[in-house]
Amino acid sequence: MPGKAFRLATAAAVAGVALTACTSNTPDAPTPGAGGGNAASPNDAPGKKVTIGFSGPAADHGWLAAINSFATAEAKKHSDVTLRVAEGTNDASMQISHIETFINDKVDAIVLLPTDGAALTSVATKATQAGITVVNVDREFSSPSAARTTILGDNYGMGVSAGTYACQLVKDKKLADPVIAEIAGIDALPLTQDRSRGFADALKGCQQTVDRRVAAQFTVESGEAAAANLLQAAPKLDIVWNHDDDQGVGVKAAFDNAKRSEFSFIGGAGSANAMRWIKAGQMTATVIYPPTQAADGIRLARLLVQQKGMSDLLQVEVPRRIVLNAPVVTSSNVDKYLPLGFES
């Protein structure tokens with residue numbers, strides 16, 4: 001096994017320390033990837049041994065760190081899964097070399113969140129052609145034949161959820177001429193464009209538009225700077241949607257520093273920080289972009305290698321494409337989602 005680039009995680013032992021296999025899915029308390037207390041499925045029973053290679057970008061963002069931790073936690077719940085984790089990287093060439101290693105080692109499955117979907121398509125196709133089950137996570141390959149299954153968050157759906165909730169606020173608060181603002185992420189990224197498009201489309205449903213818009217860089221510092229600029233330009237705001245809860249730490253700092261709280265503050269992605277602010281009445285809502293995607297990818301890879309289907313579907317095979325929902329978290333349902341929140 002290669003050195004620093006990989007580490008081994010099994011449900012039975014890690015560095016000689018025994019772990020309990022959670023095949024019943026009934027832990028005493030919520031754990032990463034626990035899925036909110038779902039009932040046990042026949043698929044949870046141990047089956048054929050499965051070796052899964054997992055590769056994702058560097059954990060330089062709270063959401064990405066959660067992607068990794070949920071994935072490893074999920075693997076440890078299954079006594080029949082051995083997980084090999086490649087060192088996170090934002091270098092597509094390095095990630096390709098990690099996948100090549102998985103291919104050479106003849107793993108049963110690869111769960112891959114690519115740094116760049118197009119750049120990793122060729123090596124993913126090579127793995128598929130070698131008989132390895134490939135599960136594509138979050139950033140799509142440029143060819144559908146590169147993966148057996150793709151599991152995605154819904155960036156456009158995030159915007160729709162945020163916009164639909166904003167419309168509800170307009171109605172509930174009886175706002176006659178609301179000033180609606182948007183703090184986007186990196187404007188050059190398709191995911192940001194999709195979120196903004198969804199938000200604008202949903203606002204049309206209540207005859208509203210985005211009145212003020214600034215963009216940040218998915219970082220605390222850029223969030224604070226963008227929010228400060230927004231506040232300076234807009235003496236009155238009624239609703240603000242911030243795309244990303246990591247940059248939202250800086251956004252909220254700017255709001256606090258300016259002592260501005262006259263507006264409803266909606267976040268995005270679903271950090272634990274944001275959910276605690278919701279519980280404390282310091283934030284109105286956040287929209288989930290699931291950090292459990294890779295964990296779900298681990299579950300799907302296991303089922304695929306063991307030739308099982310999804311127990312709640314009549315279809316006997318795992319679907320080729322799954323798009324996860326983008327629900328709105330408010331004070332009324334925050335306790336349901338908090339166990340799956342990530343730390344910014």
# chains A, B, ... in the order shown; residues from 1 in each chain; ligands from 1
call {"tool": "residues_around", "arguments": {"residues": "Ile52 of chain A", "least_positions_apart": "4", "cutoff": "7 Å", "atoms": "only C-alpha atoms", "output": "number ranges by chain"}}
result
A: 82-84, 107-110
call {"tool": "write_last_selection", "arguments": {"atoms": "N, CA, C and O atoms", "output": "tab-separated table (two decimals), in the first residue's frame"}}
result
chain	number	residue	atom	x	y	z
A	82	THR	N	-13.86	-2.02	3.73
A	82	THR	CA	-12.53	-1.47	3.97
A	82	THR	C	-12.38	-0.23	3.11
A	82	THR	O	-12.57	-0.30	1.89
A	83	LEU	N	-12.11	0.89	3.74
A	83	LEU	CA	-12.02	2.16	3.02
A	83	LEU	C	-10.58	2.62	2.92
A	83	LEU	O	-9.88	2.73	3.93
A	84	ARG	N	-10.15	2.89	1.71
A	84	ARG	CA	-8.83	3.48	1.48
A	84	ARG	C	-9.04	4.93	1.05
A	84	ARG	O	-9.72	5.20	0.07
A	107	VAL	N	-9.10	-2.20	-6.38
A	107	VAL	CA	-10.18	-2.00	-5.40
A	107	VAL	C	-11.49	-2.39	-6.06
A	107	VAL	O	-11.62	-2.46	-7.29
A	108	ASP	N	-12.50	-2.65	-5.25
A	108	ASP	CA	-13.81	-3.02	-5.78
A	108	ASP	C	-14.60	-1.82	-6.29
A	108	ASP	O	-15.38	-1.93	-7.24
A	109	ALA	N	-14.42	-0.69	-5.63
A	109	ALA	CA	-15.19	0.50	-5.98
A	109	ALA	C	-14.37	1.75	-5.69
A	109	ALA	O	-13.46	1.73	-4.84
A	110	ILE	N	-14.69	2.82	-6.39
A	110	ILE	CA	-14.08	4.12	-6.15
A	110	ILE	C	-15.19	5.14	-5.98
A	110	ILE	O	-16.09	5.24	-6.82
call {"tool": "closest_residue", "arguments": {"among": "A:Ser122, A:Gln307, A:Ser331, A:Asn155", "to": "Leu191 of chain A", "atoms": "only C-alpha atoms"}}
result
A:Asn155
call {"tool": "residues_around", "arguments": {"residues": "Val50 of chain A", "least_positions_apart": "6", "cutoff": "12 Å", "atoms": "only C-alpha atoms", "output": "ChimeraX atom specification"}}
result
/A:10-11,75,78-84,106-110,132-133,298-307
call {"tool": "write_last_selection", "arguments": {"atoms": "C-alpha atoms", "output": "short mmCIF file (atom, residue, chain, number, x, y, z; two decimals), in the first residue's frame"}}
result
data_model
loop_
_atom_site.label_atom_id
_atom_site.label_comp_id
_atom_site.auth_asym_id
_atom_site.auth_seq_id
_atom_site.Cartn_x
_atom_site.Cartn_y
_atom_site.Cartn_z
CA THR A 10 -12.03 -0.45 8.35
CA ALA A 11 -15.14 -1.03 10.37
CA ALA A 75 -17.44 3.25 6.19
CA HIS A 78 -20.04 -1.49 7.99
CA SER A 79 -17.95 -4.46 9.05
CA ASP A 80 -17.75 -5.61 5.41
CA VAL A 81 -16.20 -2.36 4.14
CA THR A 82 -12.53 -1.47 3.97
CA LEU A 83 -12.02 2.16 3.02
CA ARG A 84 -8.83 3.48 1.48
CA LYS A 106 -7.81 -3.53 -7.95
CA VAL A 107 -10.18 -2.00 -5.40
CA ASP A 108 -13.81 -3.02 -5.78
CA ALA A 109 -15.19 0.50 -5.98
CA ILE A 110 -14.08 4.12 -6.15
CA ILE A 132 -14.33 -1.13 -10.86
CA THR A 133 -17.60 0.39 -9.66
CA ILE A 298 -19.94 4.94 0.21
CA ARG A 299 -23.31 3.34 0.95
CA LEU A 300 -24.15 3.15 -2.75
CA ALA A 301 -20.75 1.70 -3.69
CA ARG A 302 -21.19 -1.05 -1.09
CA LEU A 303 -24.67 -1.90 -2.41
CA LEU A 304 -23.48 -1.91 -6.01
CA VAL A 305 -20.53 -4.24 -5.38
CA GLN A 306 -22.76 -6.55 -3.33
CA GLN A 307 -25.34 -6.43 -6.15
#
call {"tool": "atom_distance", "arguments": {"atom1": "atom CA of Arg212 of chain A", "atom2": "atom CA of Thr330 of chain A"}}
result
23.6 Å
call {"tool": "residues_around", "arguments": {"residues": "Phe102 of chain A", "least_positions_apart": "5", "cutoff": "12 Å", "atoms": "only C-alpha atoms", "output": "tab-separated table (two decimals) with all heavy atoms, in the first residue's frame"}}
result
chain	number	residue	atom	x	y	z
A	1	MET	N	0.85	-1.19	0.00
A	1	MET	CA	0.00	0.00	0.00
A	1	MET	C	0.89	1.24	0.00
A	1	MET	O	1.87	1.31	0.72
A	1	MET	CB	-0.90	-0.01	1.23
A	1	MET	CG	-1.87	1.14	1.27
A	1	MET	SD	-3.00	1.04	2.68
A	1	MET	CE	-1.89	1.43	4.02
A	2	PRO	N	0.55	2.28	-0.82
A	2	PRO	CA	1.37	3.50	-0.85
A	2	PRO	C	1.42	4.14	0.52
A	2	PRO	O	0.57	3.93	1.37
A	2	PRO	CB	0.61	4.38	-1.86
A	2	PRO	CG	-0.17	3.43	-2.70
A	2	PRO	CD	-0.53	2.30	-1.79
A	5	ALA	N	0.12	9.10	0.86
A	5	ALA	CA	-1.03	9.48	0.05
A	5	ALA	C	-2.29	8.74	0.44
A	5	ALA	O	-3.39	9.15	0.10
A	5	ALA	CB	-0.73	9.24	-1.42
A	6	PHE	N	-2.18	7.65	1.16
A	6	PHE	CA	-3.35	6.86	1.49
A	6	PHE	C	-3.35	6.48	2.95
A	6	PHE	O	-2.31	6.35	3.58
A	6	PHE	CB	-3.40	5.57	0.66
A	6	PHE	CG	-3.54	5.84	-0.81
A	6	PHE	CD1	-2.42	5.98	-1.62
A	6	PHE	CD2	-4.79	5.99	-1.38
A	6	PHE	CE1	-2.55	6.24	-2.97
A	6	PHE	CE2	-4.92	6.25	-2.73
A	6	PHE	CZ	-3.80	6.38	-3.52
A	51	THR	N	-13.79	-3.44	-0.81
A	51	THR	CA	-12.73	-2.44	-0.64
A	51	THR	C	-13.06	-1.24	-1.52
A	51	THR	O	-13.22	-1.37	-2.73
A	51	THR	CB	-11.35	-3.00	-1.02
A	51	THR	OG1	-11.05	-4.10	-0.17
A	51	THR	CG2	-10.27	-1.93	-0.86
A	52	ILE	N	-13.18	-0.08	-0.87
A	52	ILE	CA	-13.57	1.15	-1.57
A	52	ILE	C	-12.44	2.17	-1.46
A	52	ILE	O	-11.93	2.43	-0.38
A	52	ILE	CB	-14.85	1.74	-0.94
A	52	ILE	CG1	-16.01	0.73	-1.02
A	52	ILE	CG2	-15.24	3.05	-1.64
A	52	ILE	CD1	-17.27	1.19	-0.28
A	53	GLY	N	-12.08	2.74	-2.59
A	53	GLY	CA	-11.14	3.86	-2.60
A	53	GLY	C	-11.91	5.16	-2.64
A	53	GLY	O	-12.86	5.31	-3.41
A	54	PHE	N	-11.53	6.10	-1.78
A	54	PHE	CA	-12.21	7.40	-1.74
A	54	PHE	C	-11.22	8.52	-2.00
A	54	PHE	O	-10.15	8.59	-1.38
A	54	PHE	CB	-12.88	7.62	-0.39
A	54	PHE	CG	-13.42	9.02	-0.20
A	54	PHE	CD1	-14.41	9.51	-1.03
A	54	PHE	CD2	-12.92	9.85	0.80
A	54	PHE	CE1	-14.90	10.80	-0.87
A	54	PHE	CE2	-13.41	11.14	0.96
A	54	PHE	CZ	-14.40	11.62	0.12
A	55	SER	N	-11.57	9.41	-2.90
A	55	SER	CA	-10.71	10.56	-3.23
A	55	SER	C	-11.56	11.81	-3.36
A	55	SER	O	-12.63	11.79	-3.99
A	55	SER	CB	-9.96	10.31	-4.54
A	55	SER	OG	-9.20	11.45	-4.90
A	83	LEU	N	-12.11	0.89	3.74
A	83	LEU	CA	-12.02	2.16	3.02
A	83	LEU	C	-10.58	2.62	2.92
A	83	LEU	O	-9.88	2.73	3.93
A	83	LEU	CB	-12.84	3.24	3.74
A	83	LEU	CG	-12.92	4.61	3.03
A	83	LEU	CD1	-13.71	4.50	1.74
A	83	LEU	CD2	-13.54	5.65	3.95
A	84	ARG	N	-10.15	2.89	1.71
A	84	ARG	CA	-8.83	3.48	1.48
A	84	ARG	C	-9.04	4.93	1.05
A	84	ARG	O	-9.72	5.20	0.07
A	84	ARG	CB	-8.07	2.70	0.41
A	84	ARG	CG	-7.73	1.27	0.84
A	84	ARG	CD	-6.77	0.63	-0.12
A	84	ARG	NE	-5.57	1.43	-0.22
A	84	ARG	CZ	-4.70	1.32	-1.24
A	84	ARG	NH1	-4.92	0.49	-2.23
A	84	ARG	NH2	-3.61	2.08	-1.26
A	85	VAL	N	-8.46	5.84	1.80
A	85	VAL	CA	-8.69	7.27	1.58
A	85	VAL	C	-7.44	7.92	1.01
A	85	VAL	O	-6.37	7.89	1.63
A	85	VAL	CB	-9.09	7.97	2.89
A	85	VAL	CG1	-9.37	9.45	2.65
A	85	VAL	CG2	-10.32	7.30	3.50
A	86	ALA	N	-7.56	8.50	-0.17
A	86	ALA	CA	-6.45	9.23	-0.77
A	86	ALA	C	-6.32	10.59	-0.11
A	86	ALA	O	-7.31	11.19	0.33
A	86	ALA	CB	-6.68	9.41	-2.26
A	95	GLN	N	-4.75	14.00	-8.21
A	95	GLN	CA	-5.92	13.16	-7.98
A	95	GLN	C	-6.00	12.04	-9.02
A	95	GLN	O	-6.37	10.90	-8.69
A	95	GLN	CB	-7.19	14.00	-8.00
A	95	GLN	CG	-8.40	13.26	-7.43
A	95	GLN	CD	-9.62	14.13	-7.26
A	95	GLN	OE1	-9.83	15.09	-8.01
A	95	GLN	NE2	-10.46	13.81	-6.29
A	96	ILE	N	-5.64	12.33	-10.24
A	96	ILE	CA	-5.60	11.29	-11.27
A	96	ILE	C	-4.64	10.18	-10.87
A	96	ILE	O	-4.94	8.98	-11.01
A	96	ILE	CB	-5.21	11.90	-12.64
A	96	ILE	CG1	-6.37	12.74	-13.18
A	96	ILE	CG2	-4.84	10.80	-13.64
A	96	ILE	CD1	-6.01	13.60	-14.37
A	97	SER	N	-3.48	10.56	-10.33
A	97	SER	CA	-2.51	9.54	-9.91
A	97	SER	C	-3.06	8.69	-8.78
A	97	SER	O	-2.79	7.49	-8.70
A	97	SER	CB	-1.18	10.20	-9.51
A	97	SER	OG	-1.29	10.86	-8.26
A	107	VAL	N	-9.10	-2.20	-6.38
A	107	VAL	CA	-10.18	-2.00	-5.40
A	107	VAL	C	-11.49	-2.39	-6.06
A	107	VAL	O	-11.62	-2.46	-7.29
A	107	VAL	CB	-10.23	-0.54	-4.91
A	107	VAL	CG1	-8.94	-0.15	-4.20
A	107	VAL	CG2	-10.53	0.42	-6.06
A	108	ASP	N	-12.50	-2.65	-5.25
A	108	ASP	CA	-13.81	-3.02	-5.78
A	108	ASP	C	-14.60	-1.82	-6.29
A	108	ASP	O	-15.38	-1.93	-7.24
A	108	ASP	CB	-14.63	-3.73	-4.70
A	108	ASP	CG	-13.98	-5.00	-4.20
A	108	ASP	OD1	-13.70	-5.88	-5.03
A	108	ASP	OD2	-13.72	-5.09	-2.99
A	109	ALA	N	-14.42	-0.69	-5.63
A	109	ALA	CA	-15.19	0.50	-5.98
A	109	ALA	C	-14.37	1.75	-5.69
A	109	ALA	O	-13.46	1.73	-4.84
A	109	ALA	CB	-16.51	0.54	-5.22
A	110	ILE	N	-14.69	2.82	-6.39
A	110	ILE	CA	-14.08	4.12	-6.15
A	110	ILE	C	-15.19	5.14	-5.98
A	110	ILE	O	-16.09	5.24	-6.82
A	110	ILE	CB	-13.15	4.55	-7.31
A	110	ILE	CG1	-11.96	3.59	-7.44
A	110	ILE	CG2	-12.66	5.99	-7.11
A	110	ILE	CD1	-11.12	3.83	-8.68
A	111	VAL	N	-15.15	5.89	-4.89
A	111	VAL	CA	-16.05	7.01	-4.66
A	111	VAL	C	-15.23	8.27	-4.87
A	111	VAL	O	-14.25	8.50	-4.16
A	111	VAL	CB	-16.67	6.97	-3.25
A	111	VAL	CG1	-17.53	8.20	-3.01
A	111	VAL	CG2	-17.50	5.70	-3.08
A	112	LEU	N	-15.60	9.07	-5.85
A	112	LEU	CA	-14.74	10.16	-6.30
A	112	LEU	C	-15.50	11.48	-6.36
A	112	LEU	O	-16.47	11.63	-7.09
A	112	LEU	CB	-14.19	9.82	-7.69
A	112	LEU	CG	-13.34	10.87	-8.41
A	112	LEU	CD1	-12.14	11.29	-7.58
A	112	LEU	CD2	-12.88	10.32	-9.76
A	123	VAL	N	-9.79	9.19	-16.40
A	123	VAL	CA	-9.30	8.16	-15.48
A	123	VAL	C	-10.47	7.43	-14.82
A	123	VAL	O	-10.38	6.22	-14.53
A	123	VAL	CB	-8.35	8.76	-14.42
A	123	VAL	CG1	-9.10	9.60	-13.39
A	123	VAL	CG2	-7.54	7.68	-13.74
A	124	ALA	N	-11.58	8.12	-14.61
A	124	ALA	CA	-12.77	7.45	-14.09
A	124	ALA	C	-13.30	6.43	-15.09
A	124	ALA	O	-13.71	5.32	-14.72
A	124	ALA	CB	-13.85	8.47	-13.74
A	126	LYS	N	-11.47	4.89	-17.28
A	126	LYS	CA	-10.50	3.79	-17.24
A	126	LYS	C	-10.82	2.84	-16.09
A	126	LYS	O	-10.77	1.61	-16.25
A	126	LYS	CB	-9.09	4.37	-17.08
A	126	LYS	CG	-7.98	3.32	-17.03
A	126	LYS	CD	-6.61	3.97	-16.91
A	126	LYS	CE	-5.51	2.93	-16.82
A	126	LYS	NZ	-4.16	3.57	-16.68
A	127	ALA	N	-11.16	3.39	-14.93
A	127	ALA	CA	-11.51	2.55	-13.79
A	127	ALA	C	-12.77	1.74	-14.08
A	127	ALA	O	-12.84	0.53	-13.78
A	127	ALA	CB	-11.71	3.42	-12.55
A	128	THR	N	-13.77	2.38	-14.67
A	128	THR	CA	-15.00	1.69	-15.01
A	128	THR	C	-14.73	0.55	-15.99
A	128	THR	O	-15.25	-0.57	-15.84
A	128	THR	CB	-16.03	2.68	-15.61
A	128	THR	OG1	-16.38	3.63	-14.60
A	128	THR	CG2	-17.28	1.98	-16.09
A	130	ALA	N	-12.09	-1.08	-16.26
A	130	ALA	CA	-11.33	-2.13	-15.58
A	130	ALA	C	-12.23	-2.96	-14.67
A	130	ALA	O	-11.74	-3.85	-13.96
A	130	ALA	CB	-10.20	-1.50	-14.77
A	132	ILE	N	-14.18	-1.73	-12.18
A	132	ILE	CA	-14.33	-1.13	-10.86
A	132	ILE	C	-15.60	-0.28	-10.85
A	132	ILE	O	-15.86	0.49	-11.79
A	132	ILE	CB	-13.10	-0.26	-10.52
A	132	ILE	CG1	-11.85	-1.13	-10.43
A	132	ILE	CG2	-13.32	0.51	-9.21
A	132	ILE	CD1	-10.56	-0.35	-10.30
A	133	THR	N	-16.39	-0.42	-9.81
A	133	THR	CA	-17.60	0.39	-9.66
A	133	THR	C	-17.21	1.81	-9.27
A	133	THR	O	-16.57	2.02	-8.24
A	133	THR	CB	-18.51	-0.22	-8.59
A	133	THR	OG1	-18.91	-1.53	-9.00
A	133	THR	CG2	-19.74	0.65	-8.37
A	134	VAL	N	-17.60	2.78	-10.06
A	134	VAL	CA	-17.26	4.19	-9.80
A	134	VAL	C	-18.53	4.95	-9.43
A	134	VAL	O	-19.53	4.89	-10.14
A	134	VAL	CB	-16.58	4.84	-11.02
A	134	VAL	CG1	-16.31	6.33	-10.75
A	134	VAL	CG2	-15.28	4.12	-11.36
call {"tool": "closest_residue", "arguments": {"among": "A:Gln315, A:Ile180, A:Ala227, A:Pro290", "to": "Ser264 of chain A", "atoms": "only C-alpha atoms"}}
result
A:Ile180
call {"tool": "closest_residue", "arguments": {"among": "A:Ala225, A:Val170, A:Val179, A:Met310", "to": "Pro42 of chain A", "atoms": "only C-alpha atoms"}}
result
A:Met310
call {"tool": "atom_distance", "arguments": {"atom1": "atom CA of Met94 of chain A", "atom2": "atom CA of Asp296 of chain A"}}
result
24.3 Å
